[in-house]
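Here is the structure we will look at.
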Amino acid sequence: FHLIKRGARILDLGCAPGSWLIYAAEAAGPSGQVVGVDLTPVTVALPGHASARTADVFELAEEPERFFDGLFDVVLSDMAPATTGSRVVDTARSFNLCQAALAIARHILRPGGVFVCKIFQGEDFKQFTEAVKAGFSECRVFKPQSSRKASMEIYLIGKGKKETVRS
């Protein structure tokens with residue numbers, strides 16, 4: 001989808017163990033900046049223009065501007081809840097994580113920016129898709145070929161973040 005441009009500023013939510021963080025840093029190049037956030041500390045070596053912080057996204061979603069310095073071009077969320085085996089519980093937990101990621105993106109993603117979010121398909125999927133559509137000029141659903149057919153994981157890609165009016 002060519003979502004990450006050279007020199008981009010990228011936020012990676014749910015970045016542990018760090019493979020997407022490293023990929024995003026390579027895609028953005030040394031003139032870019034990548035910031036990762038996860039409950040689990042990242043222990044892999046990161047390039048100089050990438051960093052990882054240990055934090056809870058639910059706390060960050062309340063006032064993300066206090067935690068991050070400036071706006072981002074891309075917000076990636078590959079977060080997944082600790083699964084219970086109950087489809088209803090697991091999809092609800094995934095939806096809650098996605099809502100937090102979208103709340104963060106609404107505040108710290110620059111107009112025209114990109115939001116990519118993994119969600120478990122469940123009864124809240126349509127509601128979340130509508131929320132992404134409302135905030136972005138384009139919304140696409142993507143299921144990687146590498147995903148198992150039975151997997152509930154799917155990605156939403158919001159391109160062209162709309163301007164928001166803040167009171």
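Naming scheme: A, B, ... for chains in displayed order of the structure tokens; residues 1 onward per chain; ligands 1 onward as shown.
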### Query
If you run DSSP on the backbone, which residues of region 67-121 of chain A are alpha helix (DSSP H), as a list of chain:residue names?
A:Phe67, A:Arg87, A:Val88, A:Val89, A:Asp90, A:Thr91, A:Ala92, A:Arg93, A:Ser94, A:Phe95, A:Asn96, A:Leu97, A:Cys98, A:Gln99, A:Ala100, A:Ala101, A:Leu102, A:Ala103, A:Ile104, A:Ala105, A:Arg106, A:His107, A:Ile108
Check the DSSP output for the backbone and give back, as a compact mmCIF listing (two decimals) with N, CA and C atoms, in the first residue's frame, the residues of region 39-149 of chain A in strand (DSSP E).
# COMPACT_ATOMS: atom_id res chain seq x y z
N ALA A 50 14.87 5.28 15.89
CA ALA A 50 13.71 4.56 16.43
C ALA A 50 13.87 4.42 17.93
N SER A 51 12.75 4.49 18.63
CA SER A 51 12.77 4.32 20.09
C SER A 51 11.51 3.60 20.51
N ALA A 52 11.56 2.99 21.68
CA ALA A 52 10.40 2.28 22.21
C ALA A 52 10.19 2.71 23.66
N ARG A 53 8.92 2.88 23.99
CA ARG A 53 8.54 3.27 25.35
C ARG A 53 7.58 2.23 25.90
N THR A 54 7.66 2.02 27.20
CA THR A 54 6.75 1.10 27.86
C THR A 54 5.62 1.92 28.47
N PHE A 72 2.34 13.00 13.99
CA PHE A 72 2.88 11.86 13.25
C PHE A 72 2.23 11.79 11.87
N ASP A 73 2.96 11.19 10.92
CA ASP A 73 2.44 10.96 9.57
C ASP A 73 1.67 9.65 9.48
N VAL A 74 2.07 8.68 10.29
CA VAL A 74 1.48 7.34 10.27
C VAL A 74 1.32 6.85 11.71
N VAL A 75 0.17 6.25 11.99
CA VAL A 75 -0.04 5.54 13.25
C VAL A 75 -0.37 4.10 12.89
N LEU A 76 0.47 3.18 13.38
CA LEU A 76 0.29 1.75 13.16
C LEU A 76 -0.15 1.12 14.47
N SER A 77 -1.11 0.23 14.42
CA SER A 77 -1.50 -0.51 15.61
C SER A 77 -1.63 -1.98 15.26
N LEU A 109 -2.19 12.45 14.86
CA LEU A 109 -1.94 12.18 13.44
C LEU A 109 -2.23 13.45 12.65
N ARG A 110 -1.27 13.85 11.85
CA ARG A 110 -1.44 15.09 11.07
C ARG A 110 -2.52 14.92 10.00
N PRO A 111 -3.17 16.00 9.60
CA PRO A 111 -4.15 15.92 8.51
C PRO A 111 -3.50 15.29 7.27
N GLY A 112 -4.22 14.39 6.64
CA GLY A 112 -3.69 13.67 5.48
C GLY A 112 -2.96 12.40 5.87
N GLY A 113 -2.76 12.18 7.16
CA GLY A 113 -2.00 11.03 7.65
C GLY A 113 -2.71 9.70 7.48
N VAL A 114 -2.00 8.63 7.84
CA VAL A 114 -2.43 7.25 7.64
C VAL A 114 -2.57 6.54 8.98
N PHE A 115 -3.62 5.74 9.09
CA PHE A 115 -3.89 4.93 10.28
C PHE A 115 -4.07 3.49 9.84
N VAL A 116 -3.30 2.57 10.43
CA VAL A 116 -3.43 1.15 10.14
C VAL A 116 -3.68 0.44 11.46
N CYS A 117 -4.72 -0.38 11.51
CA CYS A 117 -5.11 -0.98 12.78
C CYS A 117 -5.57 -2.42 12.58
N LYS A 118 -4.99 -3.33 13.38
CA LYS A 118 -5.45 -4.72 13.38
C LYS A 118 -6.62 -4.84 14.35
N ILE A 119 -7.66 -5.52 13.92
CA ILE A 119 -8.83 -5.76 14.76
C ILE A 119 -9.29 -7.19 14.57
N PHE A 120 -9.82 -7.78 15.63
CA PHE A 120 -10.45 -9.09 15.53
C PHE A 120 -11.89 -8.84 15.08
N PHE A 136 -11.40 9.52 7.98
CA PHE A 136 -10.42 9.43 6.89
C PHE A 136 -11.13 9.48 5.54
N SER A 137 -10.45 10.02 4.55
CA SER A 137 -11.07 10.12 3.23
C SER A 137 -11.17 8.77 2.54
N GLU A 138 -10.36 7.80 2.95
CA GLU A 138 -10.41 6.46 2.36
C GLU A 138 -10.23 5.44 3.47
N CYS A 139 -11.01 4.37 3.43
CA CYS A 139 -10.90 3.28 4.40
C CYS A 139 -10.94 1.97 3.65
N ARG A 140 -9.92 1.14 3.88
CA ARG A 140 -9.85 -0.16 3.21
C ARG A 140 -9.69 -1.25 4.25
N VAL A 141 -10.26 -2.40 3.95
CA VAL A 141 -10.13 -3.59 4.78
C VAL A 141 -9.12 -4.50 4.10
N PHE A 142 -8.19 -5.04 4.88
CA PHE A 142 -7.14 -5.88 4.29
C PHE A 142 -6.89 -7.09 5.18
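Of the residues listed (A:Gly36, A:Gly85, A:Pro30, A:Gly18), A:Pro30 shows the shortest atom-to-atom separation from Arg6 (chain A); distances use only C-alpha atoms.
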#### Entry: region 39-45 of chain A environment, 6 Å, only C-alpha atoms, sequence neighbours closer than 3 positions dropped, as a ChimeraX atom specification
/A:16-17,54-56
### Query
What separation in Å, quoted to one decimal, exists between CA of Gly122 (chain A) and CA of Pro81 (chain A)?
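Taking CA of Gly122 (chain A) and CA of Pro81 (chain A), their separation equals 13.7 Å.
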### Contacts of Arg93 (chain A) at 9 Å (only C-alpha atoms; same-chain gap of 4+ positions) as an NGL selection string
:A and (80-83 or 88-89 or 97-98 or 120)
### Task
Please provide as a ChimeraX atom specification all residues within 9 Å of Ser31 (chain A), with the sequence filter that same-chain residues fewer than 5 positions apart are discarded (counting only C-alpha atoms).
/A:6-8,49
Writing out the chosen residues with N, CA and C atoms as an mmCIF file, in the first residue's frame:
data_model
loop_
_atom_site.group_PDB
_atom_site.id
_atom_site.type_symbol
_atom_site.label_atom_id
_atom_site.label_comp_id
_atom_site.auth_asym_id
_atom_site.auth_seq_id
_atom_site.Cartn_x
_atom_site.Cartn_y
_atom_site.Cartn_z
ATOM 1 N N ARG A 6 9.669 7.928 2.958
ATOM 2 C CA ARG A 6 10.969 8.326 3.495
ATOM 3 C C ARG A 6 10.786 9.614 4.289
ATOM 4 N N GLY A 7 11.423 9.674 5.441
ATOM 5 C CA GLY A 7 11.359 10.860 6.274
ATOM 6 C C GLY A 7 10.107 10.951 7.132
ATOM 7 N N ALA A 8 9.246 9.938 7.099
ATOM 8 C CA ALA A 8 7.990 9.974 7.851
ATOM 9 C C ALA A 8 8.232 9.832 9.351
ATOM 10 N N HIS A 49 17.191 6.228 14.867
ATOM 11 C CA HIS A 49 16.008 7.061 14.653
ATOM 12 C C HIS A 49 14.715 6.347 15.083
#
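Among the candidates A:Gln121, A:Gln127, A:Gln33, A:Asn96, the residue lying nearest to Leu11 (chain A) is A:Gln33 (atoms considered: only C-alpha atoms).
Nearest to Leu60 (chain A) of all the residues A:Leu21, A:Ile108, A:Ala92, A:Met79 is A:Ile108, based on only C-alpha atoms.
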### Query
Nearest to Phe68 (chain A) among A:Val34, A:Ala28, A:Ile22, A:Val132, with distances taken over only C-alpha atoms: which residue is it?
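Answer, going by the shortest atom-to-atom distance: A:Val34.
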### Query
Nearest to Ala131 (chain A): which of A:Ala101, A:Val57, A:Ala25, A:Ile154 is it, counting only C-alpha atoms?
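Counting only C-alpha atoms, the residue closest to Ala131 (chain A) is A:Ala101.
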